[in-house]
$ cat work-v6.pdb   # PDB, C-alpha atoms
ATOM      1  CA  MET A  24     162.446  87.638 214.683
ATOM      2  CA  LYS A  25     163.141  88.142 218.421
ATOM      3  CA  ARG A  26     166.827  88.062 219.366
ATOM      4  CA  ILE A  27     168.097  86.372 222.513
ATOM      5  CA  LEU A  28     171.603  86.599 223.995
ATOM      6  CA  ILE A  29     172.667  83.488 225.922
ATOM      7  CA  VAL A  30     175.475  84.198 228.403
ATOM      8  CA  ASP A  31     177.010  81.022 229.814
ATOM      9  CA  ASP A  32     180.557  79.675 230.053
ATOM     10  CA  ALA A  33     179.411  76.057 229.525
ATOM     11  CA  ALA A  34     179.374  75.250 225.804
ATOM     12  CA  THR A  35     176.957  72.334 226.240
ATOM     13  CA  VAL A  36     174.459  74.502 228.114
ATOM     14  CA  ARG A  37     174.660  77.191 225.419
ATOM     15  CA  LEU A  38     174.079  74.593 222.708
ATOM     16  CA  TYR A  39     171.141  73.035 224.609
ATOM     17  CA  HIS A  40     169.415  76.401 225.086
ATOM     18  CA  ARG A  41     170.235  77.488 221.537
ATOM     19  CA  MET A  42     168.627  74.384 220.016
ATOM     20  CA  ILE A  43     165.438  74.818 222.050
ATOM     21  CA  LEU A  44     165.138  78.506 221.239
ATOM     22  CA  GLU A  45     166.011  78.258 217.540
ATOM     23  CA  GLU A  46     163.507  75.469 217.082
ATOM     24  CA  ALA A  47     160.896  77.821 218.553
ATOM     25  CA  GLY A  48     161.802  80.495 216.016
ATOM     26  CA  TYR A  49     164.116  82.788 217.953
ATOM     27  CA  GLN A  50     167.467  84.118 216.784
ATOM     28  CA  VAL A  51     170.224  83.293 219.257
ATOM     29  CA  VAL A  52     173.577  84.942 219.940
ATOM     30  CA  GLU A  53     176.070  83.523 222.462
ATOM     31  CA  ALA A  54     178.585  84.980 224.903
ATOM     32  CA  ILE A  55     180.886  83.022 227.210
ATOM     33  CA  ASN A  56     181.091  85.524 230.075
ATOM     34  CA  GLY A  57     179.878  88.917 231.224
ATOM     35  CA  ILE A  58     182.613  90.840 229.459
ATOM     36  CA  GLU A  59     181.843  89.303 226.069
ATOM     37  CA  ALA A  60     178.117  89.793 226.716
ATOM     38  CA  MET A  61     178.648  93.488 227.368
ATOM     39  CA  GLU A  62     180.738  93.871 224.214
ATOM     40  CA  LYS A  63     177.903  92.321 222.195
ATOM     41  CA  SER A  64     175.281  94.405 223.982
ATOM     42  CA  LEU A  65     177.135  97.576 223.041
ATOM     43  CA  GLN A  66     177.163  96.559 219.367
ATOM     44  CA  GLU A  67     173.659  95.137 218.886
ATOM     45  CA  SER A  68     170.339  95.027 220.652
ATOM     46  CA  PHE A  69     168.566  92.030 222.125
ATOM     47  CA  ASP A  70     164.987  91.316 223.139
ATOM     48  CA  LEU A  71     165.968  88.996 225.996
ATOM     49  CA  TYR A  72     169.032  87.966 227.976
ATOM     50  CA  ILE A  73     169.522  84.480 229.415
ATOM     51  CA  VAL A  74     172.337  84.752 231.940
ATOM     52  CA  ASP A  75     174.265  82.220 234.024
ATOM     53  CA  ILE A  76     175.714  83.341 237.375
ATOM     54  CA  ASN A  77     179.009  81.475 237.748
ATOM     55  CA  MET A  78     181.293  82.536 234.945
ATOM     56  CA  PRO A  79     184.990  83.411 234.881
ATOM     57  CA  LYS A  80     186.183  86.988 234.233
ATOM     58  CA  GLN A  81     182.772  88.553 234.927
ATOM     59  CA  ASP A  82     179.873  86.706 236.552
ATOM     60  CA  GLY A  83     176.192  87.106 235.785
ATOM     61  CA  TYR A  84     175.512  89.496 238.670
ATOM     62  CA  GLY A  85     178.307  91.791 237.492
ATOM     63  CA  PHE A  86     177.130  91.751 233.890
ATOM     64  CA  LEU A  87     173.503  92.508 234.704
ATOM     65  CA  SER A  88     174.363  95.298 237.171
ATOM     66  CA  ASP A  89     176.648  96.823 234.554
ATOM     67  CA  LEU A  90     174.021  96.489 231.812
ATOM     68  CA  ARG A  91     171.259  98.013 233.931
ATOM     69  CA  GLY A  92     173.481 100.959 234.828
ATOM     70  CA  ARG A  93     174.172 101.897 231.221
ATOM     71  CA  ASP A  94     172.283 104.104 228.843
ATOM     72  CA  LEU A  95     171.434 101.224 226.519
ATOM     73  CA  PRO A  96     168.157  99.792 225.237
ATOM     74  CA  GLN A  97     167.124  97.513 228.095
ATOM     75  CA  ALA A  98     165.567  94.074 227.713
ATOM     76  CA  PRO A  99     164.295  91.543 230.260
ATOM     77  CA  ALA A 100     166.788  89.102 231.734
ATOM     78  CA  LEU A 101     166.254  85.495 232.750
ATOM     79  CA  MET A 102     168.946  84.323 235.146
ATOM     80  CA  ILE A 103     169.614  80.596 235.195
ATOM     81  CA  SER A 104     171.954  79.048 237.721
ATOM     82  CA  THR A 105     172.821  75.870 239.576
ATOM     83  CA  GLU A 106     172.364  77.792 242.824
ATOM     84  CA  ALA A 107     168.999  77.258 244.476
ATOM     85  CA  ALA A 108     169.506  79.284 247.678
ATOM     86  CA  ALA A 109     167.067  82.114 248.397
ATOM     87  CA  ASN A 110     169.974  84.514 248.767
ATOM     88  CA  ASP A 111     171.162  83.837 245.201
ATOM     89  CA  ARG A 112     167.669  84.531 243.906
ATOM     90  CA  LYS A 113     167.543  87.805 245.838
ATOM     91  CA  ARG A 114     170.953  88.880 244.536
ATOM     92  CA  ALA A 115     169.862  88.099 240.971
ATOM     93  CA  TYR A 116     166.832  90.375 241.270
ATOM     94  CA  ILE A 117     168.916  93.128 242.851
ATOM     95  CA  ALA A 118     171.373  92.876 239.949
ATOM     96  CA  GLY A 119     168.538  93.380 237.473
ATOM     97  CA  ALA A 120     167.119  89.945 236.636
ATOM     98  CA  ASN A 121     163.412  89.714 235.826
ATOM     99  CA  LEU A 122     163.177  85.995 236.515
ATOM    100  CA  TYR A 123     165.358  83.345 238.142
ATOM    101  CA  LEU A 124     165.383  79.647 237.276
ATOM    102  CA  VAL A 125     167.479  76.811 238.674
ATOM    103  CA  LYS A 126     169.307  74.501 236.241
ATOM    104  CA  PRO A 127     168.686  72.150 234.597
ATOM    105  CA  VAL A 128     165.768  73.761 232.799
ATOM    106  CA  LYS A 129     163.329  71.668 230.809
ATOM    107  CA  PRO A 130     162.605  72.836 227.231
ATOM    108  CA  THR A 131     158.931  73.641 227.904
ATOM    109  CA  GLU A 132     159.871  75.549 231.068
ATOM    110  CA  LEU A 133     162.496  77.586 229.203
ATOM    111  CA  LEU A 134     160.129  78.470 226.363
ATOM    112  CA  THR A 135     157.238  79.352 228.673
ATOM    113  CA  HIS A 136     159.371  81.763 230.687
ATOM    114  CA  CYS A 137     161.047  83.278 227.628
ATOM    115  CA  ARG A 138     157.671  83.912 225.986
ATOM    116  CA  LEU A 139     156.378  85.454 229.194
ATOM    117  CA  LEU A 140     159.342  87.840 229.412
ATOM    118  CA  LEU A 141     159.086  88.663 225.709
ATOM    119  CA  GLY A 142     155.469  89.683 226.185
ATOM    120  CA  GLU A 143     154.137  86.887 224.026
ATOM    121  CA  ALA A 144     151.117  86.456 226.229
ATOM    122  CA  HIS A 145     149.464  83.846 224.018
ATOM    123  CA  ALA A 146     152.198  81.416 225.107
TER     124      ALA A 146
ATOM    125  CA  MET B   3     195.265 113.027 230.093
ATOM    126  CA  PRO B   4     195.339 109.265 230.513
ATOM    127  CA  PHE B   5     199.102 109.411 229.965
ATOM    128  CA  VAL B   6     199.525 111.811 232.903
ATOM    129  CA  LYS B   7     197.416 109.528 235.108
ATOM    130  CA  GLN B   8     199.544 106.539 234.168
ATOM    131  CA  GLN B   9     202.712 108.433 235.082
ATOM    132  CA  GLN B  10     201.303 109.325 238.498
ATOM    133  CA  SER B  11     200.272 105.770 239.137
ATOM    134  CA  GLU B  12     203.702 104.436 238.175
ATOM    135  CA  THR B  13     205.411 107.002 240.426
ATOM    136  CA  ILE B  14     203.276 105.872 243.354
ATOM    137  CA  GLY B  15     204.154 102.262 242.568
ATOM    138  CA  GLN B  16     207.885 102.919 242.566
ATOM    139  CA  ASP B  17     207.683 104.923 245.789
ATOM    140  CA  GLU B  18     205.718 102.205 247.515
ATOM    141  CA  ARG B  19     208.234  99.600 246.451
ATOM    142  CA  LYS B  20     211.093 101.592 247.945
ATOM    143  CA  ARG B  21     209.792 100.675 251.406
ATOM    144  CA  VAL B  22     211.490  97.981 253.461
ATOM    145  CA  ARG B  23     211.115  94.622 251.697
ATOM    146  CA  ASP B  24     211.821  92.094 254.459
ATOM    147  CA  CYS B  25     209.076  89.541 255.043
ATOM    148  CA  ALA B  26     207.758  91.016 258.300
ATOM    149  CA  SER B  27     207.514  94.503 256.786
ATOM    150  CA  LEU B  28     205.814  93.177 253.673
ATOM    151  CA  GLU B  29     203.200  91.446 255.808
ATOM    152  CA  LEU B  30     202.493  94.755 257.568
ATOM    153  CA  GLN B  31     202.245  96.550 254.222
ATOM    154  CA  LEU B  32     199.509  94.119 253.174
ATOM    155  CA  SER B  33     197.088  96.215 255.227
ATOM    156  CA  ASP B  34     198.393  99.575 253.974
ATOM    157  CA  GLN B  35     195.705 102.108 253.037
ATOM    158  CA  ASN B  36     197.201 102.483 249.575
ATOM    159  CA  PRO B  37     196.188  99.602 247.265
ATOM    160  CA  THR B  38     199.378 100.053 245.236
ATOM    161  CA  ALA B  39     201.452  99.357 248.353
ATOM    162  CA  ARG B  40     199.271  96.325 249.104
ATOM    163  CA  ARG B  41     199.723  95.051 245.554
ATOM    164  CA  TRP B  42     203.513  95.306 245.730
ATOM    165  CA  ALA B  43     203.600  93.703 249.159
ATOM    166  CA  ALA B  44     201.412  90.810 247.995
ATOM    167  CA  ARG B  45     203.600  90.309 244.951
ATOM    168  CA  ASP B  46     206.907  90.411 246.825
ATOM    169  CA  LEU B  47     205.656  88.033 249.524
ATOM    170  CA  ALA B  48     206.040  85.254 246.940
ATOM    171  CA  SER B  49     209.624  85.022 248.198
ATOM    172  CA  CYS B  50     208.501  84.595 251.834
ATOM    173  CA  PRO B  51     207.546  80.946 252.389
ATOM    174  CA  GLU B  52     205.890  81.617 255.767
ATOM    175  CA  SER B  53     203.544  84.336 254.531
ATOM    176  CA  SER B  54     200.449  82.311 253.592
ATOM    177  CA  ALA B  55     198.618  83.086 256.846
ATOM    178  CA  ALA B  56     199.042  86.853 256.424
ATOM    179  CA  LEU B  57     198.000  86.674 252.783
ATOM    180  CA  VAL B  58     194.900  84.658 253.620
ATOM    181  CA  GLU B  59     193.947  87.076 256.404
ATOM    182  CA  GLN B  60     194.228  90.024 254.015
ATOM    183  CA  LEU B  61     192.392  88.177 251.249
ATOM    184  CA  GLN B  62     189.356  87.724 253.483
ATOM    185  CA  GLN B  63     188.989  91.486 253.911
ATOM    186  CA  GLU B  64     190.504  92.812 250.677
ATOM    187  CA  SER B  65     188.060  94.898 248.647
ATOM    188  CA  ASP B  66     190.338  95.799 245.729
ATOM    189  CA  SER B  67     190.038  93.130 243.032
ATOM    190  CA  SER B  68     193.518  93.773 241.612
ATOM    191  CA  VAL B  69     195.105  93.241 245.043
ATOM    192  CA  ARG B  70     192.982  90.126 245.522
ATOM    193  CA  GLU B  71     194.182  88.778 242.210
ATOM    194  CA  ILE B  72     197.842  89.231 243.196
ATOM    195  CA  ILE B  73     197.274  87.671 246.625
ATOM    196  CA  LEU B  74     195.760  84.618 244.901
ATOM    197  CA  THR B  75     198.684  84.446 242.461
ATOM    198  CA  THR B  76     201.148  84.592 245.352
ATOM    199  CA  LEU B  77     199.241  81.931 247.276
ATOM    200  CA  THR B  78     199.391  79.769 244.144
ATOM    201  CA  GLN B  79     203.143  80.324 243.914
ATOM    202  CA  LEU B  80     203.606  79.445 247.584
ATOM    203  CA  GLY B  81     201.303  76.431 247.164
ATOM    204  CA  ASP B  82     201.780  75.220 250.741
ATOM    205  CA  GLU B  83     199.181  73.425 252.852
ATOM    206  CA  LEU B  84     197.781  76.632 254.325
ATOM    207  CA  ALA B  85     197.555  78.296 250.926
ATOM    208  CA  VAL B  86     195.630  75.361 249.487
ATOM    209  CA  ALA B  87     193.371  75.168 252.559
ATOM    210  CA  SER B  88     192.539  78.855 252.212
ATOM    211  CA  LEU B  89     191.691  78.401 248.552
ATOM    212  CA  VAL B  90     189.351  75.568 249.543
ATOM    213  CA  ASP B  91     187.648  77.882 252.056
ATOM    214  CA  LEU B  92     187.083  80.406 249.282
ATOM    215  CA  LEU B  93     185.046  77.832 247.367
ATOM    216  CA  ARG B  94     182.394  78.382 250.062
ATOM    217  CA  SER B  95     182.452  82.174 249.666
ATOM    218  CA  GLU B  96     179.246  84.058 248.881
ATOM    219  CA  ASP B  97     181.346  86.257 246.602
ATOM    220  CA  VAL B  98     181.054  84.660 243.143
ATOM    221  CA  ALA B  99     184.089  86.487 241.758
ATOM    222  CA  LEU B 100     186.278  85.380 244.663
ATOM    223  CA  ARG B 101     185.031  81.803 244.323
ATOM    224  CA  ASN B 102     185.857  81.792 240.615
ATOM    225  CA  GLU B 103     189.287  83.281 241.296
ATOM    226  CA  ALA B 104     189.948  80.460 243.784
ATOM    227  CA  ILE B 105     188.888  77.876 241.187
ATOM    228  CA  GLU B 106     191.277  79.373 238.640
ATOM    229  CA  ALA B 107     194.100  79.427 241.208
ATOM    230  CA  MET B 108     193.515  75.793 242.210
ATOM    231  CA  LYS B 109     193.663  74.673 238.577
ATOM    232  CA  LEU B 110     197.316  75.686 238.668
ATOM    233  CA  LEU B 111     198.129  73.427 241.633
ATOM    234  CA  PRO B 112     197.531  69.864 240.376
ATOM    235  CA  ASP B 113     199.963  68.163 242.769
ATOM    236  CA  GLU B 114     198.693  70.059 245.805
ATOM    237  CA  VAL B 115     194.990  69.798 244.923
ATOM    238  CA  ALA B 116     195.006  66.117 243.885
ATOM    239  CA  PRO B 117     195.254  64.725 247.455
ATOM    240  CA  ILE B 118     192.189  66.706 248.573
ATOM    241  CA  MET B 119     190.103  66.303 245.416
ATOM    242  CA  GLY B 120     188.395  63.157 246.716
ATOM    243  CA  ASN B 121     187.131  65.041 249.772
ATOM    244  CA  LEU B 122     186.084  68.079 247.737
ATOM    245  CA  LEU B 123     184.021  65.869 245.447
ATOM    246  CA  LYS B 124     182.272  64.404 248.495
ATOM    247  CA  ASP B 125     181.650  67.736 250.241
ATOM    248  CA  PRO B 126     178.101  68.009 251.662
ATOM    249  CA  ASP B 127     177.569  71.291 249.771
ATOM    250  CA  PRO B 128     176.703  70.624 246.090
ATOM    251  CA  ASP B 129     178.044  74.053 245.100
ATOM    252  CA  VAL B 130     181.471  73.074 246.448
ATOM    253  CA  ARG B 131     181.259  69.796 244.496
ATOM    254  CA  ILE B 132     180.392  71.767 241.341
ATOM    255  CA  SER B 133     183.393  74.011 241.982
ATOM    256  CA  ALA B 134     185.578  70.910 242.422
ATOM    257  CA  VAL B 135     184.423  69.585 239.053
ATOM    258  CA  ASN B 136     185.164  72.989 237.534
ATOM    259  CA  ILE B 137     188.706  72.785 238.926
ATOM    260  CA  LEU B 138     189.125  69.481 237.071
ATOM    261  CA  GLU B 139     188.409  71.286 233.801
ATOM    262  CA  SER B 140     192.034  72.227 233.340
ATOM    263  CA  LEU B 141     193.767  70.431 236.171
ATOM    264  CA  ARG B 142     196.590  68.636 234.450
ATOM    265  CA  HIS B 143     196.382  65.378 236.368
ATOM    266  CA  PRO B 144     196.118  61.760 235.172
ATOM    267  CA  HIS B 145     193.149  60.985 237.480
ATOM    268  CA  VAL B 146     190.795  63.603 236.043
ATOM    269  CA  GLU B 147     188.656  61.180 234.045
ATOM    270  CA  THR B 148     188.489  58.711 236.965
ATOM    271  CA  TRP B 149     187.229  61.458 239.293
ATOM    272  CA  LEU B 150     184.628  62.568 236.755
ATOM    273  CA  LYS B 151     183.469  58.993 236.192
ATOM    274  CA  GLU B 152     183.050  58.518 239.951
ATOM    275  CA  VAL B 153     180.996  61.726 240.126
ATOM    276  CA  ILE B 154     178.516  60.611 237.487
ATOM    277  CA  GLU B 155     178.307  57.151 239.046
ATOM    278  CA  GLN B 156     177.822  58.266 242.634
ATOM    279  CA  ASP B 157     176.670  61.866 243.018
ATOM    280  CA  ALA B 158     172.940  62.261 243.610
ATOM    281  CA  HIS B 159     172.787  65.952 242.643
ATOM    282  CA  VAL B 160     171.754  66.574 239.048
ATOM    283  CA  ASN B 161     173.801  69.752 238.601
ATOM    284  CA  VAL B 162     177.006  68.175 239.928
ATOM    285  CA  CYS B 163     176.528  65.330 237.430
ATOM    286  CA  ALA B 164     175.620  67.784 234.657
ATOM    287  CA  THR B 165     178.845  69.723 235.217
ATOM    288  CA  ALA B 166     180.841  66.481 235.160
ATOM    289  CA  VAL B 167     179.154  65.319 231.946
ATOM    290  CA  ASP B 168     179.955  68.624 230.231
ATOM    291  CA  LEU B 169     183.597  68.036 231.041
ATOM    292  CA  LEU B 170     183.543  64.358 230.078
ATOM    293  CA  GLY B 171     182.387  65.566 226.658
ATOM    294  CA  GLU B 172     185.824  67.131 226.351
ATOM    295  CA  VAL B 173     188.141  64.706 228.164
ATOM    296  CA  GLY B 174     186.132  61.462 228.286
ATOM    297  CA  THR B 175     187.204  58.229 226.632
ATOM    298  CA  VAL B 176     185.609  54.786 226.218
ATOM    299  CA  TYR B 177     186.520  54.244 229.887
ATOM    300  CA  SER B 178     183.537  56.466 230.843
ATOM    301  CA  ARG B 179     181.065  55.188 228.240
ATOM    302  CA  GLU B 180     179.153  52.769 230.459
ATOM    303  CA  ALA B 181     178.949  55.303 233.303
ATOM    304  CA  LEU B 182     177.528  57.884 230.893
ATOM    305  CA  GLU B 183     174.919  55.439 229.617
ATOM    306  CA  ASN B 184     173.928  54.571 233.205
ATOM    307  CA  LEU B 185     173.678  58.256 234.121
ATOM    308  CA  LYS B 186     171.224  58.807 231.305
ATOM    309  CA  ILE B 187     169.028  56.069 232.781
ATOM    310  CA  ARG B 188     169.426  57.390 236.346
ATOM    311  CA  PHE B 189     168.256  60.886 235.320
ATOM    312  CA  SER B 190     165.869  59.795 232.580
ATOM    313  CA  ASN B 191     163.436  62.588 233.528
ATOM    314  CA  GLU B 192     166.020  65.315 232.917
ATOM    315  CA  PRO B 193     166.234  66.370 229.242
ATOM    316  CA  TYR B 194     169.478  68.271 229.811
ATOM    317  CA  ILE B 195     171.256  65.171 231.128
ATOM    318  CA  SER B 196     170.070  63.167 228.097
ATOM    319  CA  PHE B 197     171.258  65.933 225.770
ATOM    320  CA  ALA B 198     174.672  66.376 227.405
ATOM    321  CA  THR B 199     175.229  62.620 227.778
ATOM    322  CA  ASP B 200     174.381  61.951 224.119
ATOM    323  CA  LEU B 201     176.772  64.713 223.116
ATOM    324  CA  ALA B 202     179.574  63.305 225.291
ATOM    325  CA  LEU B 203     178.998  59.761 223.980
ATOM    326  CA  LYS B 204     179.041  61.035 220.394
ATOM    327  CA  ARG B 205     182.344  62.841 220.973
ATOM    328  CA  ILE B 206     183.834  59.722 222.557
ATOM    329  CA  ARG B 207     182.721  57.618 219.574
ATOM    330  CA  LEU B 208     184.278  60.091 217.147
ATOM    331  CA  ALA B 209     187.529  60.437 219.087
TER     332      ALA B 209
END
$ encode --input "work-v6.pdb" --output "structure tokens"
Amino acid sequence: MKRILIVDDAATVRLYHRMILEEAGYQVVEAINGIEAMEKSLQESFDLYIVDINMPKQDGYGFLSDLRGRDLPQAPALMISTEAAANDRKRAYIAGANLYLVKPVKPTELLTHCRLLLGEAHA
Amino acid sequence: MPFVKQQQSETIGQDERKRVRDCASLELQLSDQNPTARRWAARDLASCPESSAALVEQLQQESDSSVREIILTTLTQLGDELAVASLVDLLRSEDVALRNEAIEAMKLLPDEVAPIMGNLLKDPDPDVRISAVNILESLRHPHVETWLKEVIEQDAHVNVCATAVDLLGEVGTVYSREALENLKIRFSNEPYISFATDLALKRIRLA
């Protein structure tokens, strides 16, 4: 079963994404900010990261840059944020995101992009 | 080895604090090359009521996050009009960390932030409005639910409303029930709004 780490400080957003992904057969782990996400990434491996940008303590850019700079098994990252500006998108890719979506994300949109990043081409 | 490093760092800190501590000197030390000196200056300026302008000026160019954090704490302690205005400016910063630090600082200033909250929630930039809603998350003020209700009744931006609904799930009462139900209708094509609204309504019913 593919494992996905959701990194978002908003509990409702985490629950919404978790329900969609678990219903589709994925195993989901949650983190509330970049620091907690890094702690979990050091302890276990994930097949995909879903990362918010605006989070207290460490934001999504900081987490992804840190993750990409470490000697850890790397996995694709989908960055999801309320920020629609082109500059935010660019910064996300520089930090190490593979894809950038603007909230709120519809269930079919989330699953399509997750499957694409997980290499499940039949999706 | 880490112990030796800590000793050196502490020695530097004590030396830097032995400098002149009057307000004018502290303001000058805010731009010292040594971040330890800047940290001490920022901390000690909490006893200088006229220092907000100097702190804000340094904050805008400060690269050391620990110094930035102390400047924000001192601005929060000063809590004057200029300090609050500078925190508002930071909500427009491109620097996500700085923006989040400003949000956290403003949460600690309910009496100072309350008079400007109405304007923040009507700011033309939706990201500033989202930040304003985030400030409400732990702003200990009796109007919090009223502000959130007004957001979900009036704001046209889905993510501003979504942020407000998330919070109403925690602090909402029956007072917001009708507004939540109307929001669900207004954004009937957005599954997230339906999900978050249902969750908030359920929590209100159970409360």
$ closest_atom_pairs --input "work-v6.pdb" --of "chain B" --to "chain A" --cutoff "8 Å" --atoms "only C-alpha atoms" --output "JSON lines"
{"residue": "B:Val98", "atom": "CA", "partner": "A:Asn77", "partner_atom": "CA", "distance": 6.6}
{"residue": "B:Ala99", "atom": "CA", "partner": "A:Asp82", "partner_atom": "CA", "distance": 6.7}
{"residue": "B:Asn102", "atom": "CA", "partner": "A:Pro79", "partner_atom": "CA", "distance": 6.0}
{"residue": "B:Glu103", "atom": "CA", "partner": "A:Pro79", "partner_atom": "CA", "distance": 7.7}
{"residue": "B:Asp129", "atom": "CA", "partner": "A:Glu106", "partner_atom": "CA", "distance": 7.2}
{"residue": "B:Val160", "atom": "CA", "partner": "A:Pro127", "partner_atom": "CA", "distance": 7.8}
{"residue": "B:Asn161", "atom": "CA", "partner": "A:Thr105", "partner_atom": "CA", "distance": 6.3}
{"residue": "B:Asp168", "atom": "CA", "partner": "A:Thr35", "partner_atom": "CA", "distance": 6.2}
{"residue": "B:Glu192", "atom": "CA", "partner": "A:Lys129", "partner_atom": "CA", "distance": 7.2}
{"residue": "B:Pro193", "atom": "CA", "partner": "A:Lys129", "partner_atom": "CA", "distance": 6.2}
{"residue": "B:Tyr194", "atom": "CA", "partner": "A:Pro127", "partner_atom": "CA", "distance": 6.2}
{"residue": "B:Phe197", "atom": "CA", "partner": "A:Tyr39", "partner_atom": "CA", "distance": 7.2}
{"residue": "B:Ala198", "atom": "CA", "partner": "A:Thr35", "partner_atom": "CA", "distance": 6.5}
$ write_last_selection --input "work-v6.pdb" --atoms "C-alpha atoms" --output "PDB file, in the frame of the given file"
ATOM      1  CA  VAL B  98     181.054  84.660 243.143  1.00  0.00           C
ATOM      2  CA  ALA B  99     184.089  86.487 241.758  1.00  0.00           C
ATOM      3  CA  ASN B 102     185.857  81.792 240.615  1.00  0.00           C
ATOM      4  CA  GLU B 103     189.287  83.281 241.296  1.00  0.00           C
ATOM      5  CA  ASP B 129     178.044  74.053 245.100  1.00  0.00           C
ATOM      6  CA  VAL B 160     171.754  66.574 239.048  1.00  0.00           C
ATOM      7  CA  ASN B 161     173.801  69.752 238.601  1.00  0.00           C
ATOM      8  CA  ASP B 168     179.955  68.624 230.231  1.00  0.00           C
ATOM      9  CA  GLU B 192     166.020  65.315 232.917  1.00  0.00           C
ATOM     10  CA  PRO B 193     166.234  66.370 229.242  1.00  0.00           C
ATOM     11  CA  TYR B 194     169.478  68.271 229.811  1.00  0.00           C
ATOM     12  CA  PHE B 197     171.258  65.933 225.770  1.00  0.00           C
ATOM     13  CA  ALA B 198     174.672  66.376 227.405  1.00  0.00           C
TER      14      ALA B 198
END
$ atom_distance --input "work-v6.pdb" --atom1 "atom CA of Pro128 of chain B" --atom2 "atom CA of Ile43 of chain A"
26.9 Å
$ residues_around --input "work-v6.pdb" --residues "Leu203 of chain B" --least-positions-apart "4" --cutoff "7 Å" --atoms "all atoms listed in the file" --output "PyMOL selection string"
chain B and resi 179+199+207
$ residues_around --input "work-v6.pdb" --residues "Glu180 of chain B" --least-positions-apart "2" --cutoff "12 Å" --atoms "only C-alpha atoms" --output "list in words"
Lys151, Glu152, Ile154, Glu155, Gly174, Thr175, Val176, Tyr177, Ser178, Leu182, Glu183, Asn184, Leu185, Lys186, Ile187, Thr199, Ala202, Leu203 and Ile206 of chain B
$ resolve_selection --input "work-v6.pdb" --expression "the PyMOL selection byres ((chain B and resi 135-137) around 7)" --output "list in words"
Ile105, Met108, Lys109, Arg131, Ile132, Ser133, Ala134, Leu138, Glu139, Ser140, Leu141, Thr165 and Ala166 of chain B
$ closest_residue --input "work-v6.pdb" --among "A:Phe69, A:Ala109, A:Gly57, A:Gly48" --to "Asp89 of chain A" --atoms "all atoms listed in the file"
A:Gly57
$ residues_around --input "work-v6.pdb" --residues "Gln63 of chain B" --least-positions-apart "6" --cutoff "12 Å" --atoms "all atoms listed in the file" --output "mmCIF file with C-alpha atoms, keeping the file's coordinate frame"
data_model
loop_
_atom_site.group_PDB
_atom_site.id
_atom_site.type_symbol
_atom_site.label_atom_id
_atom_site.label_comp_id
_atom_site.auth_asym_id
_atom_site.auth_seq_id
_atom_site.Cartn_x
_atom_site.Cartn_y
_atom_site.Cartn_z
ATOM 1 C CA LEU B 32 199.509 94.119 253.174
ATOM 2 C CA SER B 33 197.088 96.215 255.227
ATOM 3 C CA ALA B 56 199.042 86.853 256.424
ATOM 4 C CA LEU B 57 198.000 86.674 252.783
ATOM 5 C CA VAL B 69 195.105 93.241 245.043
ATOM 6 C CA ARG B 70 192.982 90.126 245.522
ATOM 7 C CA ILE B 73 197.274 87.671 246.625
ATOM 8 C CA ASP B 97 181.346 86.257 246.602
ATOM 9 C CA LEU B 100 186.278 85.380 244.663
#
$ atom_distance --input "work-v6.pdb" --atom1 "atom CA of Ile27 of chain A" --atom2 "atom CA of Val51 of chain A"
5.0 Å
$ atom_distance --input "work-v6.pdb" --atom1 "atom CA of Ala108 of chain A" --atom2 "atom CA of Ile73 of chain A"
19.0 Å
$ residues_near_point --input "work-v6.pdb" --point "(176.2, 93.9, 220.2)" --cutoff "12 Å" --atoms "all atoms listed in the file" --output "ChimeraX atom specification"
/A:26-28,52-54,58-70,95-96
$ residues_around --input "work-v6.pdb" --residues "Val153 of chain B" --least-positions-apart "6" --cutoff "8 Å" --atoms "only C-alpha atoms" --output "JSON, numbers by chain"
{"B": [123, 162, 163, 166]}
$ resolve_selection --input "work-v6.pdb" --expression "the PyMOL selection byres ((chain B and resi 111-116) around 10)" --output "NGL selection string"
:B and (78-79 or 81-83 or 85-87 or 89-90 or 106-110 or 117-122 or 134 or 137-138 or 140-146)
$ closest_residue --input "work-v6.pdb" --among "A:Lys25, A:Arg93, A:Lys113, A:Arg37" --to "Gly142 of chain A" --atoms "only C-alpha atoms"
A:Lys25
$ closest_residue --input "work-v6.pdb" --among "A:Ala120, A:Ile103, A:Leu71, A:Met42" --to "Arg91 of chain A" --atoms "all atoms listed in the file"
A:Ala120
$ resolve_selection --input "work-v6.pdb" --expression "the PyMOL selection byres ((chain B and resi 29) around 12)" --output "PyMOL selection string"
chain B and resi 22-28+30-34+39-60+73
$ closest_residue --input "work-v6.pdb" --among "A:Arg41, A:Asn56, A:Leu101, A:Phe86" --to "Arg138 of chain A" --atoms "only C-alpha atoms"
A:Leu101
$ decode --input "work-v6.pdb" --residues "segment 102-118 of chain A" --atoms "C-alpha atoms" --output "CSV table (one decimal), in the first residue's frame"
chain,number,residue,atom,x,y,z
A,102,MET,CA,2.4,21.4,-2.9
A,103,ILE,CA,-1.1,22.7,-2.1
A,104,SER,CA,-1.7,26.3,-1.1
A,105,THR,CA,-4.2,29.1,-1.0
A,106,GLU,CA,-1.7,31.2,-2.9
A,107,ALA,CA,-2.3,31.5,-6.6
A,108,ALA,CA,0.5,33.9,-7.6
A,109,ALA,CA,3.0,32.8,-10.2
A,110,ASN,CA,5.8,33.7,-7.8
A,111,ASP,CA,4.5,31.2,-5.2
A,112,ARG,CA,4.4,28.5,-7.8
A,113,LYS,CA,8.0,29.2,-8.9
A,114,ARG,CA,9.2,29.2,-5.3
A,115,ALA,CA,7.5,25.9,-4.7
A,116,TYR,CA,9.3,24.3,-7.6
A,117,ILE,CA,12.6,25.8,-6.5
A,118,ALA,CA,12.1,24.3,-3.1
